[in-house]
Each structure stands twice: as C-alpha cells, then as structure tokens.
Amino acid sequence: MKGIVIEGGERLVGEVQVSGAKNAALPALAAALLVEGTSIFSNCPRLRDVATFQALLENLGARLEWNGKGELQVDTYGIMGASAPYDLVKTMRASILILGPLLARMGEAVVSLPGGCAIGARPVNLHLKGLEQLGAQIELDHGYIKARAKRLKGTHLYLDIPTVTGTENLMMAAALAEGTTVIENAACEPEVEDLAHVLSAMGVEIEGAGTSEVTIRGVEHVRPVQHAVMPDRIEAATLMVAAGITRGNILIKGCRLEHMEAVVAKLREVGMEISSPAAGEVRVVGANRVRSTDVKTLPYPGFPTDMQAQVMALMTVANGLSAITETIFENRFMHVSELNRMGADIRVQGPTAIVTGVPQLSGAPVMATDLRASASLVVAGLAAQGRTVIARAYHLERGYEDLVGKLAALGATVQEVDLDDEDTGEQE
Ligand code: EPU
C-alpha cells in the first residue's frame, strides 16, 4: 500500500498546472451513456475514480480508451447491460451518477445502493424521489435500486437539499424525457454547469445551470460530444493553501478564480495575497504567519466542504482561534485527530472544530481516512518540522492527479513510498 513521506519546511515556489476536475469528469462520463456513439473528453484527469468509472461503463458494454492526445474516448454503441454491481459501487459512491442516464436511455437500470461512507451517511433518497416524479418505477431489492420507465416525462421538481450528484442525475434523466423538466433548489456548483455544457452540446436545450433553477427540455435522441472538462477548483484551492502554509509564492495555471471566490476571500482575510495576473492564472503569496478566521461550509457559492479539511490544516498554525463549522456532511472531521497527532490543538464540539493556532506543527506518522482528509495531512506535513508519513495515501490518488509530483516540482521534499498497510475499502 502506498504512503507519502514529507520532510516539512520547504517553501513552495514556482508554477503549477491544475488538472481537470474529478467532480466534473465523472458526470460527463455518465452523460456519455445517453448517446449512441463516441464522445471525446479532453482535460479529463487520470485518477483512480476515473478508472473506477471506466470499469463501471465497460461493465455495461461501453468501450473507453485514452487516445494519443490524452483525451478519453467513450464509445457507447455497445451498451447492453443496465446494471452496476455492488463490487464497483461500493468503491465509489459517484457510481450513482449512471442511474439517471442509464434509465433514460435503456428504460431500466439496476444500480447497487451505495452504503454509508467515511464522511457521512449520504443517502440517495432525493435522486430516487426525483426519478419517481419523472415517472420511473423504483424498487429497492436486496441492496439494489431497480428503476424502470418506458419514457420519462418532464415535470416540476423541488429538491429538499441542493444535492450535487442528485441535480446531475436528474438533469441527465430529464435530457431524454418527454417535455420540460424544471429542477428547483438545484445545486449551483460549477460542475453542474459543466455538465449542462455537455448536455447542451448533445442537443438538449438547458437553461439556468449554475443557478438554483434549471430547466431541461428533453429530446428523443442526443448526439456524441467533444468536451473539455473544467479545471479542478478544489485542486487549485488545495495548492493555494499549500502555498499559504509554506509561506510560498506560486503561480497556478489553468484555473478559474471565479469558481473559488469563497476560498479566496478567506485566504485574503487571513493575510495571503492572491491575484490573477492573466486569465486562467492565479498568483498566491503566503503570509509570514496567517491570522485565524472562522469558516462555515455551505453549498456553492458558499465555502466548499471539499476544502474544509485543508483550510483547517492552515488554521492549525494561524495566530489565534478559528471556529470551523461543517454543515454538509456529519462526519467530515476525521482529519482532526490526525492533525492533533502533529501537534495541532483542535477540539470538536458538535459540527464545529475549534482550532487554537500553534506556532509550529511537528511531523508524525498519520493515517489518511478520505480524499480531502489526505490532502489536509499533506498540507500540514509540508509545514511541519521533520518527517510526516501518511499511510493509506491511495485516498489521495482518487481525486488528485499527481499531487506529489506537482508539490515536488514546486520544491517540496515529498515522495511516494511503499508501506505495509491494509486496505479498508472505504468509499466517498
Ligand atoms: N443528501 C441527502 N439525500 C440525497 C442526496 C444528498 O440527504 O439524496 C445529503 C447528503 O447526505 C449531504 C448533502 O445532502 O448531507 C449534500 O450532499 P450532495 O448530494 O450534494 O453530495 P454528493 O453529490 O454526494 C458531491 C461531490 C462531493 C462533495 C459534495 C458537496 C461528486 C462526485 N461528489 O457529492 O465530493 O463533497 O458534492 O459539495 O460530485 C470529494 O470530491 O471529495 C467529494 C466528497
């Protein structure tokens, strides 16, 4: 099992390119299921979660291949099956994204019900309720969701919570439905908007993606697309925090500042300098010692839950007391005890972590528990005195393309190593 070893204390300096967004690539690949033909996705990150999605689509009869230009080609002529087995779904919850498009195209879909995961219970009731309102018959049978519909019918949907993958699933289902679907209280995340670009390139009329009301006019058939996956705003923001905690000075290329306003506002508030010298480029300069601040995670455009752990790592060395409140997932504080092993002073009270800044962290052996928790341990390790060894680093590979290589190129002393550790098969 892979681990990451970091000798802390190096300032990050230089330029780094951001990869395509995991959370935009996965729905884009799912949308390819709506088509009979070959769609091509550029800027698709090479990640473990993308490979899992590839296996999921291949299991349905699709053929996926990385072409010579580094694009992922998805040929969905041969889709035969309509089922996603437990063995694949249990390793990645985002597998649920195939439910809507598969049902819309095949008239049926059998997808293993994702279980709970490391960061929370994460039910999919709103995906199912929405599909039922679109006319699907849904049954839960021996751990599987069995959905059927001759042709879905457009309708007016209201989401109790602005679920990201739920909004995406329903947009894809509505793309082939008869008539118009309106999703109210839709998720506004930029990844939802990116999916809307995919669907509209397929020939679906779609309005309002990126706002809380999305309107989809269904069509009978969609055409294959060529689509460039949007840059990963969470990777870019993680690199910003890494620059901040090491008092570094880096230029992040290929990212979009307008997708990261909540994070940028917080980082400026704590004393970091962030500017955009050219379109698609962000310069980040760390402060000598950052100030503390309070953070509350919220749906977009609020502060992203996917950055909570990394910003908490930064606050562990801030001057003062920070209150970090997680409102999206009920169990997304597993990095706290690991950060405390590195000398941080964090107490959890319900949904809030109270962080008392310390002058310096110290390297320690720690354990990654989920993707963003791993990223926070990497960030902390970069600033800690001495050696940090992060076990179960496979979590990081699920969502960051070559983060270790990118940090090393910026001057960090970091490498992957083989550790004797066991796999827990946790999902997120
Ligand atoms: N929820 C329900 N019922 C549902 C769906 C969601 O109660 O049917 C609840 C969840 O339990 C949670 C809240 O609604 O408390 C929001 O969850 P959401 O459905 O928006 O999350 P998701 O779609 O499962 C995506 C990202 C996550 C990211 C969240 C929040 C993908 C593939 N995953 O998950 O990304 O944290 O939105 O922004 O897009 C990550 O990349 O590390 C990651 C976990």
# chains A, B, ... in the order shown; residues from 1 in each chain; ligands from 1
$ residues_around --residues "segment 3-15 of chain A" --least-positions-apart "4" --cutoff "6 Å" --atoms "only C-alpha atoms" --output "JSON, numbers by chain"
{"A": [243, 246, 247, 248, 249, 250, 251, 252, 381, 382, 383, 384, 385, 386, 387, 388, 389, 390, 391, 392, 393, 410, 411, 412, 413, 414, 415, 416, 417, 418, 419]}
$ residues_near_ligand --ligand "ligand 1" --cutoff "9 Å" --atoms "only C-alpha atoms and all ligand atoms" --output "PDB file with C-alpha atoms, in the first residue's frame"
ATOM      1  CA  LYS A  22     -12.824  14.930 -10.905  1.00  0.00           C
ATOM      2  CA  ASN A  23     -16.326  16.015  -9.964  1.00  0.00           C
ATOM      3  CA  ALA A  24     -16.969  17.344 -13.466  1.00  0.00           C
ATOM      4  CA  ALA A  25     -15.305  14.442 -15.287  1.00  0.00           C
ATOM      5  CA  LEU A  26     -17.456  11.770 -13.602  1.00  0.00           C
ATOM      6  CA  PRO A  27     -20.846  13.291 -14.577  1.00  0.00           C
ATOM      7  CA  MET A  92     -17.072   4.864  -5.326  1.00  0.00           C
ATOM      8  CA  ARG A  93     -20.379   6.476  -4.426  1.00  0.00           C
ATOM      9  CA  ALA A  94     -20.349   8.651  -7.537  1.00  0.00           C
ATOM     10  CA  SER A  95     -21.307   5.455  -9.409  1.00  0.00           C
ATOM     11  CA  ILE A  96     -24.887   6.508  -8.622  1.00  0.00           C
ATOM     12  CA  LEU A  97     -24.445   9.021 -11.477  1.00  0.00           C
ATOM     13  CA  ILE A 119     -17.655  11.216   5.788  1.00  0.00           C
ATOM     14  CA  GLY A 120     -21.363  10.631   6.388  1.00  0.00           C
ATOM     15  CA  ALA A 121     -24.470   8.545   5.725  1.00  0.00           C
ATOM     16  CA  ARG A 122     -25.036  10.191   2.349  1.00  0.00           C
ATOM     17  CA  PRO A 123     -28.411   8.778   1.329  1.00  0.00           C
ATOM     18  CA  VAL A 124     -29.613   8.963  -2.301  1.00  0.00           C
ATOM     19  CA  ASN A 125     -33.319   9.370  -1.468  1.00  0.00           C
ATOM     20  CA  LEU A 126     -33.556  12.660  -3.374  1.00  0.00           C
ATOM     21  CA  HIS A 127     -32.159  11.089  -6.559  1.00  0.00           C
ATOM     22  CA  LEU A 128     -34.812   8.372  -6.291  1.00  0.00           C
ATOM     23  CA  LYS A 129     -37.666  10.713  -5.406  1.00  0.00           C
ATOM     24  CA  LEU A 159     -35.074  19.270  -4.186  1.00  0.00           C
ATOM     25  CA  ASP A 160     -35.266  19.338  -0.381  1.00  0.00           C
ATOM     26  CA  ILE A 161     -31.465  19.765  -0.328  1.00  0.00           C
ATOM     27  CA  PRO A 162     -29.459  21.131  -3.268  1.00  0.00           C
ATOM     28  CA  THR A 163     -27.675  17.814  -3.816  1.00  0.00           C
ATOM     29  CA  VAL A 164     -24.882  17.998  -6.391  1.00  0.00           C
ATOM     30  CA  THR A 165     -24.933  14.497  -7.881  1.00  0.00           C
ATOM     31  CA  GLY A 166     -28.724  14.393  -7.378  1.00  0.00           C
ATOM     32  CA  THR A 167     -29.142  17.512  -9.531  1.00  0.00           C
ATOM     33  CA  GLU A 168     -26.798  15.998 -12.124  1.00  0.00           C
ATOM     34  CA  ALA A 187     -27.211  22.639  -6.778  1.00  0.00           C
ATOM     35  CA  GLU A 189     -21.864  24.156  -8.250  1.00  0.00           C
ATOM     36  CA  GLU A 191     -19.557  21.186 -12.012  1.00  0.00           C
ATOM     37  CA  VAL A 192     -23.344  21.205 -12.568  1.00  0.00           C
ATOM     38  CA  ILE A 234     -10.591  22.039  -5.317  1.00  0.00           C
ATOM     39  CA  LEU A 298     -22.161  25.705   2.629  1.00  0.00           C
ATOM     40  CA  PRO A 299     -23.464  24.725  -0.786  1.00  0.00           C
ATOM     41  CA  TYR A 300     -21.909  26.741  -3.651  1.00  0.00           C
ATOM     42  CA  PRO A 304     -16.889  24.226  -0.134  1.00  0.00           C
ATOM     43  CA  THR A 305     -16.924  21.259   2.217  1.00  0.00           C
ATOM     44  CA  ASP A 306     -14.229  19.770  -0.040  1.00  0.00           C
ATOM     45  CA  MET A 307     -11.832  22.485   1.226  1.00  0.00           C
ATOM     46  CA  THR A 327     -22.772  21.813   7.661  1.00  0.00           C
ATOM     47  CA  ILE A 328     -22.795  19.452   4.635  1.00  0.00           C
ATOM     48  CA  PHE A 329     -21.516  16.117   5.986  1.00  0.00           C
ATOM     49  CA  GLU A 330     -21.993  14.917   9.549  1.00  0.00           C
ATOM     50  CA  ASP A 370     -10.727  10.027   2.937  1.00  0.00           C
ATOM     51  CA  LEU A 371      -9.714  12.098  -0.053  1.00  0.00           C
ATOM     52  CA  ARG A 372      -9.813  15.622   1.360  1.00  0.00           C
ATOM     53  CA  ALA A 373      -8.539  14.494   4.787  1.00  0.00           C
ATOM     54  CA  ARG A 398      -8.743   9.050  -6.093  1.00  0.00           C
ATOM     55  CA  GLY A 399      -9.037  12.772  -6.633  1.00  0.00           C
ATOM     56  CA  GLU A 428     -16.505   8.568  -0.526  1.00  0.00           C
TER      57      GLU A 428
END
$ select_by_dssp --residues "segment 99-179 of chain A" --states "alpha helix (DSSP H)" --output "PyMOL selection string"
chain A and resi 99-106+125-133+164-175
$ atom_distance --atom1 "atom CA of Leu377 of chain A" --atom2 "atom CA of Asp87 of chain A"
28.6 Å
$ residues_around --residues "segment 59-74 of chain A" --least-positions-apart "2" --cutoff "7 Å" --atoms "only C-alpha atoms" --output "ChimeraX atom specification"
/A:32,38-44,54-57,76-83
$ closest_residue --among "A:Ala262, A:Ala309, A:Val317, A:Ala149" --to "Leu176 of chain A" --atoms "only C-alpha atoms"
A:Ala149
$ atom_distance --atom1 "atom CA of Arg148 of chain A" --atom2 "atom CA of Ala51 of chain A"
27.5 Å
$ atom_distance --atom1 "atom CA of Ser19 of chain A" --atom2 "atom CA of Leu239 of chain A"
11.7 Å
$ closest_residue --among "A:Ile245, A:Ala313, A:Ala375, A:Ala84" --to "Ile346 of chain A" --atoms "only C-alpha atoms"
A:Ala313
